[in-house]
Every structure is written in C-alpha cells, then in structure tokens.
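Here's run32.cif, which has mmCIF, C-alpha atoms:
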```cif
data_run
loop_
_atom_site.label_atom_id
_atom_site.label_comp_id
_atom_site.auth_asym_id
_atom_site.auth_seq_id
_atom_site.Cartn_x
_atom_site.Cartn_y
_atom_site.Cartn_z
CA MET W 235 12.08 -6.15 -39.67
CA ARG W 236 12.03 -2.79 -37.94
CA ILE W 237 8.26 -2.79 -37.82
CA ALA W 238 8.27 -6.24 -36.25
CA VAL W 239 10.67 -5.06 -33.58
CA LEU W 240 8.53 -2.01 -33.01
CA ILE W 241 5.41 -4.06 -32.47
CA ALA W 242 7.26 -6.36 -30.12
CA VAL W 243 8.59 -3.40 -28.16
CA ALA W 244 5.19 -1.79 -27.97
CA MET W 245 3.54 -5.00 -26.81
CA ALA W 246 6.25 -5.52 -24.21
CA GLY W 247 5.78 -1.99 -22.98
CA LEU W 248 2.06 -2.48 -22.68
CA ALA W 249 1.83 -6.01 -21.50
CA CYS W 250 4.56 -5.98 -18.91
CA GLY W 251 3.37 -3.33 -16.56
CA PRO W 252 4.38 -3.90 -12.98
CA PRO W 253 2.40 -6.53 -11.14
CA GLY W 254 0.98 -4.15 -8.55
CA GLN W 255 -0.27 -1.79 -11.18
CA SER W 256 -2.18 -4.38 -13.17
CA VAL W 257 -4.00 -5.51 -10.06
CA SER W 258 -5.04 -2.00 -9.11
CA SER W 259 -6.25 -1.13 -12.61
CA ARG W 260 -8.32 -4.31 -12.65
CA GLY W 261 -9.92 -3.16 -9.42
CA GLN W 262 -10.95 0.14 -10.97
CA ALA W 263 -12.40 -1.31 -14.16
CA GLY W 264 -15.20 0.77 -15.54
CA MET W 265 -14.06 4.02 -13.96
CA LEU W 266 -10.74 4.47 -15.70
CA PRO W 267 -9.42 8.01 -15.55
CA PRO W 268 -9.35 10.00 -18.79
CA ARG W 269 -6.16 9.56 -20.77
CA GLU W 270 -4.95 13.07 -20.02
CA ALA W 271 -5.10 12.55 -16.25
CA THR W 272 -1.82 12.04 -14.49
CA PRO W 273 -1.40 8.36 -13.66
CA PRO W 274 -0.96 7.58 -9.95
CA THR W 275 2.25 5.65 -10.57
CA PHE W 276 5.44 6.54 -12.33
CA THR W 277 6.57 3.78 -14.66
CA THR W 278 8.87 3.32 -17.62
CA ALA W 279 6.08 1.60 -19.54
CA HIS W 280 4.66 3.44 -22.51
CA ARG W 281 1.06 4.44 -22.01
CA THR W 282 -0.02 3.76 -25.56
CA VAL W 283 1.32 1.95 -28.60
CA ALA W 284 1.56 5.32 -30.32
CA ASP W 285 3.78 6.60 -27.51
CA ALA W 286 6.05 3.59 -27.93
CA ALA W 287 6.18 4.10 -31.69
CA ARG W 288 7.04 7.78 -31.31
CA ASP W 289 9.82 6.95 -28.88
CA PHE W 290 11.19 4.21 -31.12
CA PHE W 291 11.41 6.48 -34.14
CA GLY W 292 12.56 9.44 -32.11
CA ILE W 293 9.57 11.57 -33.01
CA ARG W 294 9.02 14.31 -30.48
CA ARG W 295 6.55 17.11 -30.36
CA ASP W 296 8.07 20.57 -30.43
CA ALA W 297 8.13 22.25 -27.07
CA GLN W 298 5.32 24.73 -26.50
CA GLN W 299 6.64 27.54 -24.36
CA PRO W 300 4.28 29.49 -22.09
CA ILE W 301 5.96 32.72 -23.22
CA PRO W 302 7.64 32.99 -26.63
CA PHE W 303 11.08 33.83 -25.28
CA PRO W 304 13.13 35.63 -27.96
CA HIS W 305 16.71 34.32 -27.69
CA ASN W 306 17.81 36.48 -30.61
CA VAL W 307 16.82 39.74 -28.93
CA HIS W 308 18.64 38.85 -25.71
CA ILE W 309 21.81 37.76 -27.50
CA ALA W 310 21.71 40.85 -29.71
CA ASN W 311 21.65 42.86 -26.47
CA LYS W 312 25.03 41.39 -25.51
CA LEU W 313 23.72 38.76 -23.12
CA THR W 314 25.67 35.50 -23.41
CA CYS W 315 24.26 32.06 -22.73
CA THR W 316 26.17 31.43 -19.55
CA ASP W 317 25.88 34.67 -17.62
CA TYR W 318 22.73 34.95 -15.54
CA CYS W 319 20.53 32.62 -17.58
CA HIS W 320 22.17 29.21 -17.99
CA GLU W 321 24.94 29.82 -15.49
CA ALA W 322 24.88 26.32 -13.96
CA VAL W 323 26.33 25.03 -17.22
CA THR W 324 29.92 25.51 -16.04
CA LYS W 325 29.28 23.83 -12.70
CA GLY W 326 27.33 20.66 -13.22
CA PRO W 327 25.33 18.34 -15.41
CA ARG W 328 22.46 20.69 -16.12
CA ALA W 329 22.65 24.07 -17.80
CA GLY W 330 19.74 25.28 -15.72
CA LEU W 331 16.99 27.76 -16.44
CA PRO W 332 16.73 31.18 -14.86
CA GLY W 333 13.94 31.77 -12.39
CA VAL W 334 11.51 34.62 -12.76
CA LYS W 335 13.55 36.68 -10.28
CA THR W 336 16.55 36.47 -12.59
CA CYS W 337 14.43 37.72 -15.49
CA MET W 338 13.22 40.59 -13.37
CA ILE W 339 16.75 41.75 -12.48
CA CYS W 340 16.81 43.35 -15.91
CA HIS W 341 13.13 43.58 -16.71
CA GLU W 342 12.37 45.63 -13.62
CA SER W 343 13.48 48.52 -15.79
CA VAL W 344 14.02 47.15 -19.30
CA ALA W 345 11.22 46.88 -21.87
CA THR W 346 8.53 47.03 -19.22
CA ASP W 347 5.95 48.10 -21.78
CA ARG W 348 6.04 44.82 -23.73
CA PRO W 349 3.12 42.48 -23.08
CA THR W 350 5.35 39.40 -22.69
CA VAL W 351 7.52 41.17 -20.15
CA GLN W 352 4.40 42.18 -18.28
CA GLN W 353 3.44 38.52 -18.32
CA VAL W 354 6.78 37.71 -16.69
CA ALA W 355 6.19 40.42 -14.08
CA ASP W 356 2.79 38.91 -13.45
CA TYR W 357 4.43 35.52 -12.83
CA GLN W 358 6.67 37.15 -10.24
CA ASN W 359 3.78 38.91 -8.54
CA ARG W 360 1.97 35.61 -8.27
CA GLY W 361 5.10 33.97 -6.92
CA VAL W 362 5.17 31.17 -9.50
CA ASP W 363 7.94 30.19 -11.82
CA ILE W 364 7.42 29.92 -15.56
CA SER W 365 6.88 26.35 -16.67
CA TRP W 366 9.34 26.30 -19.55
CA GLN W 367 9.16 23.20 -21.68
CA ARG W 368 12.25 21.16 -22.38
CA VAL W 369 13.60 21.57 -25.92
CA TYR W 370 16.54 19.18 -25.97
CA GLY W 371 17.21 16.22 -23.71
CA TYR W 372 17.40 12.49 -24.22
CA ALA W 373 14.65 9.92 -24.12
CA PRO W 374 14.72 7.80 -20.94
CA GLU W 375 15.42 4.70 -23.06
CA ALA W 376 18.62 6.29 -24.31
CA HIS W 377 20.08 5.83 -20.81
CA VAL W 378 22.32 8.81 -21.42
CA ARG W 379 23.74 10.78 -18.50
CA PHE W 380 24.96 14.00 -20.04
CA ASN W 381 27.11 16.41 -18.08
CA HIS W 382 27.41 19.94 -19.44
CA ALA W 383 30.34 21.16 -17.35
CA PRO W 384 33.17 19.02 -18.81
CA HIS W 385 32.02 19.93 -22.32
CA ILE W 386 32.21 23.63 -21.52
CA ARG W 387 35.66 23.09 -19.99
CA ALA W 388 36.69 21.27 -23.18
CA LYS W 389 35.77 24.46 -25.05
CA VAL W 390 32.83 22.98 -26.94
CA GLU W 391 30.74 25.88 -28.19
CA CYS W 392 27.07 25.97 -27.16
CA ALA W 393 26.21 26.26 -30.85
CA THR W 394 27.82 22.90 -31.64
CA CYS W 395 24.92 21.08 -30.02
CA HIS W 396 22.22 23.75 -29.82
CA GLY W 397 22.57 25.47 -33.20
CA ASN W 398 22.89 29.17 -33.65
CA VAL W 399 20.53 30.36 -30.96
CA ALA W 400 21.25 33.97 -31.90
CA GLN W 401 19.06 33.42 -34.94
CA GLN W 402 16.25 31.68 -33.12
CA THR W 403 13.45 33.27 -31.23
CA VAL W 404 12.02 30.41 -29.22
CA ALA W 405 14.71 27.73 -28.89
CA GLU W 406 14.22 24.96 -31.42
CA ARG W 407 15.72 21.53 -31.77
CA VAL W 408 17.93 22.15 -34.80
CA VAL W 409 20.67 19.61 -34.07
CA ASP W 410 19.83 15.93 -33.89
CA LEU W 411 21.72 14.79 -30.82
CA ASN W 412 22.05 11.15 -31.76
CA MET W 413 24.85 8.87 -30.70
CA GLY W 414 26.75 9.28 -33.96
CA PHE W 415 26.85 13.02 -33.36
CA CYS W 416 28.34 12.56 -29.88
CA VAL W 417 30.78 9.82 -30.89
CA ASN W 418 32.14 11.77 -33.87
CA CYS W 419 32.94 14.74 -31.69
CA HIS W 420 34.44 12.54 -28.97
CA ARG W 421 36.67 10.93 -31.63
CA THR W 422 37.94 14.20 -33.04
CA LYS W 423 38.57 15.62 -29.58
CA GLN W 424 40.06 12.32 -28.40
CA ALA W 425 37.64 12.09 -25.52
CA SER W 426 36.72 8.71 -24.12
CA ASN W 427 34.42 6.61 -26.27
CA ASP W 428 33.87 3.98 -23.62
CA CYS W 429 30.17 3.11 -23.20
CA LEU W 430 30.30 3.98 -19.51
CA THR W 431 31.34 7.54 -20.34
CA CYS W 432 27.72 8.35 -21.06
CA HIS W 433 25.55 5.27 -20.50
CA PHE W 434 24.98 4.27 -16.90
CA MET A 238 36.58 -3.53 -3.07
CA ALA A 239 37.45 -5.31 0.14
CA VAL A 240 34.89 -6.67 2.62
CA ASP A 241 35.94 -7.25 6.20
CA LEU A 242 33.68 -10.05 7.39
CA ASP A 243 34.78 -9.45 10.97
CA ARG A 244 33.20 -6.03 10.83
CA CYS A 245 29.99 -6.91 9.01
CA THR A 246 27.03 -7.11 11.36
CA GLY A 247 24.50 -7.97 8.68
CA CYS A 248 22.51 -4.79 9.22
CA GLU A 249 21.72 -4.52 5.49
CA ALA A 250 22.25 -0.76 5.44
CA CYS A 251 24.31 -1.38 2.29
CA VAL A 252 21.36 -3.10 0.61
CA THR A 253 19.03 -0.22 1.42
CA ALA A 254 21.56 2.37 0.32
CA CYS A 255 22.10 0.50 -2.93
CA HIS A 256 18.38 0.44 -3.66
CA ALA A 257 18.09 4.15 -3.01
CA GLU A 258 21.18 5.14 -4.98
CA ASN A 259 20.61 3.01 -8.04
CA ASN A 260 16.84 3.33 -8.55
CA ILE A 261 16.35 -0.37 -7.98
CA PRO A 262 12.66 -1.22 -8.11
CA THR A 263 10.78 -3.60 -5.86
CA VAL A 264 8.46 -6.14 -7.44
CA GLY A 265 6.20 -7.15 -4.59
CA ASP A 266 6.16 -10.32 -2.52
CA THR A 267 4.52 -12.62 -5.08
CA GLN A 268 7.08 -11.91 -7.74
CA ALA A 269 9.92 -11.89 -5.23
CA ALA A 270 8.90 -15.43 -4.24
CA ARG A 271 9.33 -16.36 -7.90
CA GLY A 272 12.89 -15.10 -7.77
CA ARG A 273 12.23 -11.92 -9.69
CA ALA A 274 13.33 -9.49 -7.01
CA LEU A 275 16.24 -7.23 -7.79
CA HIS A 276 18.93 -6.72 -5.20
CA TRP A 277 22.25 -5.62 -6.63
CA MET A 278 23.60 -6.36 -3.21
CA ARG A 279 22.49 -8.97 -0.71
CA VAL A 280 23.66 -10.07 2.71
CA GLU A 281 23.98 -13.83 2.97
CA ARG A 282 23.37 -15.33 6.40
CA TYR A 283 24.92 -18.53 7.66
CA TRP A 284 24.21 -20.36 10.91
CA GLU A 285 27.01 -22.57 12.12
CA GLY A 286 27.00 -25.12 14.93
CA GLU A 287 24.20 -26.66 16.98
CA PHE A 288 21.94 -24.79 19.37
CA PRO A 289 22.79 -23.33 21.85
CA ASP A 290 26.32 -23.17 20.55
CA VAL A 291 25.59 -21.39 17.29
CA ARG A 292 27.48 -18.78 15.39
CA LEU A 293 25.97 -16.38 12.94
CA LYS A 294 27.96 -15.28 9.91
CA PHE A 295 27.13 -12.65 7.35
CA ARG A 296 28.54 -12.05 3.94
CA PRO A 297 27.56 -9.11 1.74
CA VAL A 298 27.61 -10.17 -1.90
CA MET A 299 27.60 -7.77 -4.80
CA CYS A 300 28.92 -8.08 -8.37
CA GLN A 301 32.49 -9.29 -8.00
CA GLN A 302 33.62 -7.36 -11.10
CA CYS A 303 35.57 -10.42 -12.26
CA ASP A 304 38.65 -10.00 -14.40
CA ALA A 305 37.68 -13.17 -16.27
CA ALA A 306 33.95 -12.56 -16.03
CA PRO A 307 31.80 -15.48 -17.22
CA CYS A 308 28.97 -13.06 -18.05
CA GLU A 309 30.94 -11.23 -20.71
CA PRO A 310 31.72 -13.83 -23.38
CA VAL A 311 28.14 -15.16 -23.38
CA CYS A 312 26.56 -11.80 -24.17
CA PRO A 313 25.58 -11.72 -27.85
CA THR A 314 25.37 -7.94 -27.94
CA TYR A 315 28.43 -6.94 -25.91
CA ALA A 316 26.14 -5.34 -23.37
CA ALA A 317 28.26 -6.96 -20.69
CA HIS A 318 31.82 -5.97 -21.34
CA HIS A 319 35.02 -4.94 -19.63
CA THR A 320 36.14 -1.34 -19.47
CA ASP A 321 39.74 -0.14 -19.58
CA GLU A 322 39.51 0.65 -15.89
CA GLY A 323 38.64 -2.97 -15.16
CA LEU A 324 34.98 -2.49 -14.41
CA ASN A 325 32.54 -5.09 -15.59
CA ALA A 326 30.11 -2.82 -17.37
CA GLN A 327 26.49 -3.39 -18.31
CA VAL A 328 25.15 -1.23 -21.13
CA TYR A 329 21.37 -1.16 -20.92
CA ASN A 330 20.92 0.14 -24.45
CA ARG A 331 22.63 -2.89 -25.92
CA CYS A 332 20.93 -5.45 -23.72
CA ILE A 333 18.26 -7.46 -25.49
CA GLY A 334 17.44 -9.57 -22.46
CA THR A 335 18.70 -13.00 -23.42
CA ARG A 336 19.61 -13.53 -19.74
CA TYR A 337 22.61 -15.67 -20.71
CA CYS A 338 24.79 -13.55 -18.43
CA ALA A 339 22.62 -14.26 -15.40
CA ASN A 340 22.90 -17.96 -16.12
CA ALA A 341 26.65 -17.72 -16.55
CA CYS A 342 27.25 -15.74 -13.37
CA PRO A 343 28.25 -18.08 -10.54
CA TYR A 344 27.49 -15.42 -7.92
CA ASN A 345 23.83 -14.78 -8.84
CA VAL A 346 24.33 -11.03 -8.91
CA ARG A 347 22.77 -10.23 -12.26
CA PHE A 348 19.10 -9.36 -12.32
CA PHE A 349 16.52 -9.23 -15.03
CA ASN A 350 13.75 -6.68 -15.25
CA PHE A 351 10.66 -8.83 -15.64
CA PHE A 352 8.47 -5.74 -15.40
CA ASN A 353 8.60 -2.08 -16.09
CA PRO A 354 9.51 -0.65 -12.73
CA SER A 355 6.95 1.61 -11.12
CA TRP A 356 6.82 3.93 -8.17
CA ASP A 357 3.67 5.33 -6.61
CA LYS A 358 3.72 9.08 -7.00
CA PRO A 359 5.29 11.12 -5.53
CA LEU A 360 7.89 8.47 -4.70
CA HIS A 361 9.29 8.80 -8.20
CA LEU A 362 10.69 12.15 -7.16
CA GLN A 363 13.25 10.37 -4.98
CA LEU A 364 14.78 8.61 -7.97
CA ASN A 365 18.45 9.36 -8.46
CA PRO A 366 18.76 11.55 -11.55
CA ASP A 367 22.35 10.37 -12.09
CA VAL A 368 21.26 6.79 -12.70
CA SER A 369 19.09 5.35 -15.47
CA VAL A 370 15.75 3.82 -14.65
CA ARG A 371 15.94 0.50 -16.44
CA GLU A 372 12.91 -0.70 -18.33
CA VAL A 373 11.46 -4.15 -18.84
CA GLY A 374 13.66 -6.66 -20.61
CA VAL A 375 17.14 -5.57 -19.62
CA MET A 376 19.64 -7.07 -17.23
CA GLU A 377 21.16 -5.00 -14.50
CA LYS A 378 23.73 -5.46 -11.80
CA CYS A 379 26.02 -3.68 -9.38
CA THR A 380 28.10 -1.06 -11.18
CA PHE A 381 30.32 -0.14 -8.23
CA CYS A 382 28.30 3.11 -8.41
CA VAL A 383 29.90 4.09 -11.69
CA GLN A 384 27.95 7.35 -11.60
CA ARG A 385 29.92 8.36 -8.51
CA ILE A 386 33.18 7.23 -10.09
CA LYS A 387 32.50 9.27 -13.21
CA ALA A 388 31.43 12.32 -11.19
CA ALA A 389 34.61 12.13 -9.11
CA GLU A 390 36.74 11.71 -12.22
CA VAL A 391 35.12 14.72 -13.87
CA GLN A 392 35.64 16.76 -10.72
CA ALA A 393 39.28 15.66 -10.43
CA LYS A 394 39.92 16.51 -14.06
CA ALA A 395 38.34 19.93 -13.60
CA GLU A 396 40.70 20.57 -10.70
CA ASP A 397 43.59 19.12 -12.74
CA ARG A 398 44.57 16.43 -10.29
CA SER A 399 44.30 12.68 -10.01
CA LEU A 400 41.75 10.87 -7.87
CA LYS A 401 42.69 10.53 -4.22
CA ASP A 402 42.30 7.25 -2.42
CA GLY A 403 39.04 7.19 -0.47
CA GLU A 404 37.74 10.25 -2.29
CA LEU A 405 34.70 8.41 -3.52
CA LYS A 406 32.67 5.62 -2.06
CA PRO A 407 29.87 3.60 -3.56
CA ALA A 408 26.57 3.93 -1.73
CA CYS A 409 27.05 0.64 0.14
CA ALA A 410 30.46 1.57 1.50
CA GLN A 411 29.20 5.02 2.42
CA ALA A 412 26.26 3.56 4.32
CA CYS A 413 28.19 0.82 6.13
CA PRO A 414 28.27 1.84 9.80
CA ALA A 415 31.04 -0.63 10.58
CA THR A 416 33.17 0.34 7.56
CA ALA A 417 33.26 -3.31 6.57
CA LEU A 418 33.24 -2.29 2.92
CA VAL A 419 36.32 -0.53 1.60
CA PHE A 420 36.38 0.78 -1.94
CA GLY A 421 39.35 2.02 -3.90
CA ASP A 422 41.65 1.64 -6.86
CA LEU A 423 43.26 -1.80 -7.07
CA ASN A 424 45.62 -0.52 -9.77
CA ASP A 425 47.20 1.70 -7.13
CA PRO A 426 49.33 -0.56 -4.88
CA GLU A 427 49.35 2.10 -2.15
CA SER A 428 45.58 2.36 -1.79
CA GLU A 429 43.76 1.10 1.28
CA VAL A 430 41.87 -1.48 -0.72
CA SER A 431 45.10 -2.84 -2.27
CA ARG A 432 46.63 -3.14 1.18
CA LEU A 433 43.59 -5.04 2.46
CA SER A 434 43.52 -7.26 -0.63
CA ARG A 435 47.06 -8.41 0.13
CA SER A 436 46.04 -9.38 3.65
CA PRO A 437 46.64 -13.05 4.56
CA ARG A 438 42.96 -13.15 5.60
CA GLY A 439 41.92 -12.27 2.09
CA THR A 440 39.90 -14.77 0.10
CA LYS A 441 37.93 -14.59 -3.11
CA LEU A 442 34.43 -15.87 -3.51
CA LEU A 443 34.30 -19.17 -5.46
CA ASP A 444 37.99 -18.78 -6.25
CA ASP A 445 38.16 -22.23 -7.86
CA GLN A 446 35.87 -21.01 -10.66
CA GLY A 447 38.78 -19.02 -12.07
CA THR A 448 36.71 -15.87 -12.46
CA GLN A 449 39.38 -13.71 -10.79
CA PRO A 450 36.95 -11.60 -8.79
CA LYS A 451 38.07 -8.16 -7.71
CA VAL A 452 36.24 -8.20 -4.41
CA THR A 453 38.35 -9.54 -1.55
CA TYR A 454 36.67 -10.99 1.52
CA LEU A 455 38.71 -10.75 4.71
CA GLN A 456 37.83 -13.88 6.63
CA ARG A 457 36.75 -13.81 10.25
CA GLN A 458 39.58 -14.22 12.70
CA SER A 459 37.62 -14.01 15.93
CA SER A 460 37.66 -17.04 18.24
CA GLU A 461 36.58 -20.24 16.53
#
```
Is it possible to express this structure as structure tokens?
Amino acid sequence: MRIAVLIAVAMAGLACGPPGQSVSSRGQAGMLPPREATPPTFTTAHRTVADAARDFFGIRRDAQQPIPFPHNVHIANKLTCTDYCHEAVTKGPRAGLPGVKTCMICHESVATDRPTVQQVADYQNRGVDISWQRVYGYAPEAHVRFNHAPHIRAKVECATCHGNVAQQTVAERVVDLNMGFCVNCHRTKQASNDCLTCHF
Amino acid sequence: MAVDLDRCTGCEACVTACHAENNIPTVGDTQAARGRALHWMRVERYWEGEFPDVRLKFRPVMCQQCDAAPCEPVCPTYAAHHTDEGLNAQVYNRCIGTRYCANACPYNVRFFNFFNPSWDKPLHLQLNPDVSVREVGVMEKCTFCVQRIKAAEVQAKAEDRSLKDGELKPACAQACPATALVFGDLNDPESEVSRLSRSPRGTKLLDDQGTQPKVTYLQRQSSE
C-alpha cells in the first residue's frame, strides 16, 4: 500500500510541473542542463523519483560542514548555546548562526594556531561567510512553522530536541523530530495541540 | 472581519497583498482561463443601471470563515476543520485533494493546486518564510493570515498580556488604502469589528444558505 502511494506521489511530483515550466523545457530539448546545475525556477516538485522517495521516507543526507566545528570544545570552554552563537533563539523563530565576525571576537586571540581557526580567519579576510549546512529543520511538505522563542520561554532545554550537543563535535541529527515527538511534549506541557499551532 | 462596501474602491490592493503575503502562485493565462487560478481574495464587480446612468459596485470576497461551514463536514480527512478560536482551518498535510470542500463552498473561495507552484529565480526569494508553499494536490484558502495571528499571540504571551484590538491585521486589511476591511476579534463585544458587525447596514453573504459567515458586509448607503 505504502509503495503504491509512494509511486503515485512521485508520479504526481514529476508529471504535474507548472505549465510554464513544461513548455520551456520542451523548447530546450536536447540541451538539458546537467542534473547538478541549479534549475532556473523554484518549484515544490521533486526533481527525481529518488528525491520524492527520500522525502517520503524521511531519508536525509547528513549535513557536510565546510569546517568541522567542534561543539564539545566550545561548550567545555563555558560557552552556552544562546550567548553569542545562537542568540536569536530567544527572540524569534530561528536560532540563527553566528557570522564569521562573531567567531573572530574570540578567535582573534584564542587558538589562533589551529588550522581550522586559520580557515575561519581566512573566511573573514575574504569577506565571505561560512556556508554552514542545515542539520535539523523540517521538509517543506511537513508544512511546519516552528518558532524557537516560545519554546525557550517555556523552559524547554535545547538538548530535548537537539540531543546532548556537549558530546558532539559536528552537530548531528540525533533526535527524530517527528510529529509524535512534538505532540507528546505539547501534551505533557499542556501546550496547544491544535493543528494551526504549527501547520500553516 | 467587516467590509465596508461604501469605502471599497475596487483597487485590488488587498488581492495583491494577499498574493504576496501567502505565497500564492500564478498559473498563467491558459490555466487561469480553465478556472485554475488561485486567488484567496477577489474583488467582484457589478454594473447596475443602463448607460449613461450606471453605477459600479465592488465587493471583496475572501473565505467567510463560516461557523457552520459546508466545507468541513465533507472533508474525509478533517483537513478542513474548525479551531477553538472559530477559524475555519485548512491543514495541508491532511489534505488528499478530493476537492469536495471546493464543491461544497457556496462562496467559491477554496482553491486547488493543479500544479506544483513555481517561481522564476530569484523571485523565490520573496516568498514569505512564515507561510507554507503548498504543493500540487492540496486545497488552500484564505486563513485570515493565521501566521500573523499566531505571531501576535506569541508576542502577547511573551509580554504577558492579552491581544489588543487592532494589534494585528491580515495583509488585505493592512494594504487597504480606504480601510474598508476591518479585522478583529468577534468574541470581544467591545472590538471595532464587533461594533461594525452589529451595524444595521451589516449583511452576510448568501445568508439564506445558513452558513453563518463571520464576515460582515456593510451595505452601501450612498444615494440610490
């Protein structure tokens, strides 16, 4: 049954591209861009059946970070999640990532001999930010609008959803943030379980 | 919500604002001609009288958030349902696209995604991150900008107070240059929208259908 649904979903995703797009791709037949190239349009359609299958089963590749950021070292050095690095977490939906300048507040003088820190300094000299890859986050089909700030105000620990980051080097997805996980916590904390709390 | 038809000039700023706020895709003229366009909000235009003695009337129509919504009981997956606050909610995750709700709706304000929406890059960067981008096969409709309602509620709770009347506006009401659209809490008898809803000019759209809509239209009172 599930397989049948999957195939139907995949076909729908492929077959029902927007009308404008199908016309333009017909016009360029024979000189299709390589699969890795960025498509000229943004669409919710899956690009391949495999993509659709991965999304359906919730299979995601692990994030590949440009620099192996050691969370454990930073936390062991008395840095908490919310000061400096993810400080937007108390203010709005997104926890936020620190820019290179924030890294360099400390690393101007701390551990400047390490090659990874020198890499960070190099990023700053070039004036580019580090392209960190997203570790958590919901699939677009989940239609979830998550807001960090009210969870922090409700005294939910970061570790509840993100695991014990103090023991991780590069952040890993150790907690499966499925709907059951959210709903259970909302029940115990007597938060709203209305659909529109998260899905809109 | 209350709509003052005397104030509405039919400028369609509300329609544009709604499209921008809610990531509503366009489908192109061919598909629009087949009735597949999505407009959570539309401005209906009526000509009355014979030339040269004609009158032009406009009426903005969005989801009426009915108390006895015909779309809700026909949904096999409870995607269309009523919230405690009285909103007629549409949950995209649950929707399997039977389109029964669109058939049941007497106001024609529910829309089906016949295609995966697409935006030419870099236009996708203007999408509202607070609102889902719906994919092919789901119904969608006006939510009264529930993302703004939720954001205001979260903010009010953080400041340990209740929502103030007029604190939040849906995109259409915010964009309306004539303030024809007034949004507020109908459960609060003191709110501006409650006061307008009690107006003797107030009428409901297709009232005889018994849908108990929550949008009140204030009829024109200018010279007939």
With a cut-off of 7 Å, could you pull out the residues of chain W touching chain A and give me the nearest pair of atoms for each, distance in Å to one decimal, using only C-alpha atoms, ordered by chain and ascending number, as a tab-separated table?
```
residue	atom	partner	partner_atom	distance
W:Cys250	CA	A:Phe352	CA	5.3
W:Gly251	CA	A:Asn353	CA	5.4
W:Pro252	CA	A:Phe352	CA	5.1
W:Pro274	CA	A:Lys358	CA	5.7
W:Thr275	CA	A:Asp357	CA	4.2
W:Phe276	CA	A:Trp356	CA	5.1
W:Thr277	CA	A:Ser355	CA	4.2
W:Thr278	CA	A:Asn353	CA	5.6
W:Ala279	CA	A:Asn353	CA	5.6
W:Ala376	CA	A:Asn330	CA	6.6
W:His377	CA	A:Ser369	CA	5.5
W:Arg379	CA	A:Asp367	CA	6.6
W:Pro384	CA	A:Val391	CA	6.8
W:Cys429	CA	A:Val328	CA	7.0
W:His433	CA	A:Val328	CA	6.5
W:Phe434	CA	A:Val368	CA	6.2
```
Residue selection dump (C-alpha atoms) as a short mmCIF file (atom, residue, chain, number, x, y, z; two decimals), in the frame of the given file:
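The resulting file, part37.cif, is shown below:
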```
data_model
loop_
_atom_site.label_atom_id
_atom_site.label_comp_id
_atom_site.auth_asym_id
_atom_site.auth_seq_id
_atom_site.Cartn_x
_atom_site.Cartn_y
_atom_site.Cartn_z
CA CYS W 250 4.56 -5.98 -18.91
CA GLY W 251 3.37 -3.33 -16.56
CA PRO W 252 4.38 -3.90 -12.98
CA PRO W 274 -0.96 7.58 -9.95
CA THR W 275 2.25 5.65 -10.57
CA PHE W 276 5.44 6.54 -12.33
CA THR W 277 6.57 3.78 -14.66
CA THR W 278 8.87 3.32 -17.62
CA ALA W 279 6.08 1.60 -19.54
CA ALA W 376 18.62 6.29 -24.31
CA HIS W 377 20.08 5.83 -20.81
CA ARG W 379 23.74 10.78 -18.50
CA PRO W 384 33.17 19.02 -18.81
CA CYS W 429 30.17 3.11 -23.20
CA HIS W 433 25.55 5.27 -20.50
CA PHE W 434 24.98 4.27 -16.90
#
```
Please determine, counting all atoms listed in the file, which residue among W:Arg294, W:His305, W:Arg360, W:His280 has the shortest atom-to-atom distance to Cys319 in chain W.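 Closest residue, counting all atoms listed in the file: W:His305.
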Have a look at W:Ala383, W:Val334, W:Val344, W:Ala287 and name the one nearest to Glu321 in chain W; count only C-alpha atoms. W:Ala383
Extract, using only C-alpha atoms, all DNA, RNA and protein residues at most 10 Å from Ser428 in chain A, discarding same-chain residues fewer than 5 positions from it, and format them as a VMD selection string. chain A and resid 401 to 403 420 to 423 433 to 434
Run through the PyMOL selection byres ((chain W and resi 292) around 12) on the given coordinates and return the selected residues as an MDAnalysis selection string. chainID W and resid 284:291 293:295 371:376 410:412
Residues from last step as file, C-alpha atoms, as a PDB file, in the frame of the given file:
```pdb
ATOM      1  CA  ALA W 284       1.560   5.320 -30.320  1.00  0.00           C
ATOM      2  CA  ASP W 285       3.780   6.600 -27.510  1.00  0.00           C
ATOM      3  CA  ALA W 286       6.050   3.590 -27.930  1.00  0.00           C
ATOM      4  CA  ALA W 287       6.180   4.100 -31.690  1.00  0.00           C
ATOM      5  CA  ARG W 288       7.040   7.780 -31.310  1.00  0.00           C
ATOM      6  CA  ASP W 289       9.820   6.950 -28.880  1.00  0.00           C
ATOM      7  CA  PHE W 290      11.190   4.210 -31.120  1.00  0.00           C
ATOM      8  CA  PHE W 291      11.410   6.480 -34.140  1.00  0.00           C
ATOM      9  CA  ILE W 293       9.570  11.570 -33.010  1.00  0.00           C
ATOM     10  CA  ARG W 294       9.020  14.310 -30.480  1.00  0.00           C
ATOM     11  CA  ARG W 295       6.550  17.110 -30.360  1.00  0.00           C
ATOM     12  CA  GLY W 371      17.210  16.220 -23.710  1.00  0.00           C
ATOM     13  CA  TYR W 372      17.400  12.490 -24.220  1.00  0.00           C
ATOM     14  CA  ALA W 373      14.650   9.920 -24.120  1.00  0.00           C
ATOM     15  CA  PRO W 374      14.720   7.800 -20.940  1.00  0.00           C
ATOM     16  CA  GLU W 375      15.420   4.700 -23.060  1.00  0.00           C
ATOM     17  CA  ALA W 376      18.620   6.290 -24.310  1.00  0.00           C
ATOM     18  CA  ASP W 410      19.830  15.930 -33.890  1.00  0.00           C
ATOM     19  CA  LEU W 411      21.720  14.790 -30.820  1.00  0.00           C
ATOM     20  CA  ASN W 412      22.050  11.150 -31.760  1.00  0.00           C
TER      21      ASN W 412
END
```
What separation in Å, quoted to one decimal, exists between CA of Asp290 in chain A and CA of Leu242 in chain A? 20.0 Å
Closest to Ala306 in chain A among A:Ala412, A:Asp397, A:Val452, A:Cys338, using only C-alpha atoms?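 Using only C-alpha atoms, Ala306 in chain A sits closest to A:Cys338.
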Interatomic distance between CA of Gly326 in chain W and CA of His385 in chain W? 10.3 Å
Length of the CA of Phe348 in chain A to CA of Val378 in chain W vector [Å]: 20.6 Å
When you look at Asp241 in chain A with a cut-off of 6 Å (counting all atoms listed in the file), what residues show up, excluding the ones that are within fewer than 3 positions of it in the same chain? I need them as a list in words. Arg244, Ala417 and Leu455 of chain A
Output C-alpha atoms for every residue in that selection, as a JSON list (two decimals), in the frame of the given file.
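Done, and the output landed in part.json:
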```json
[["chain", "number", "residue", "atom", "x", "y", "z"],
["A", 244, "ARG", "CA", 33.20, -6.03, 10.83],
["A", 417, "ALA", "CA", 33.26, -3.31, 6.57],
["A", 455, "LEU", "CA", 38.71, -10.75, 4.71]]
```
Starting from the displayed file, determine the output of the PyMOL selection byres ((chain W and resi 335) around 12) and express the residue list as a PyMOL selection string. chain W and resi 318-319+331-334+336-342+354-364
Please provide the set of residues having any atom within 7 Å of Gly330 in chain W, restricted to all atoms listed in the file, with same-chain residues fewer than 6 positions apart removed, written as a PDB file with C-alpha atoms, in the frame of the given file.
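The resulting file, selection29.pdb, is shown below:
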```pdb
ATOM      1  CA  HIS W 320      22.170  29.210 -17.990  1.00  0.00           C
ATOM      2  CA  GLU W 321      24.940  29.820 -15.490  1.00  0.00           C
ATOM      3  CA  ALA W 322      24.880  26.320 -13.960  1.00  0.00           C
ATOM      4  CA  VAL W 323      26.330  25.030 -17.220  1.00  0.00           C
TER       5      VAL W 323
END
```
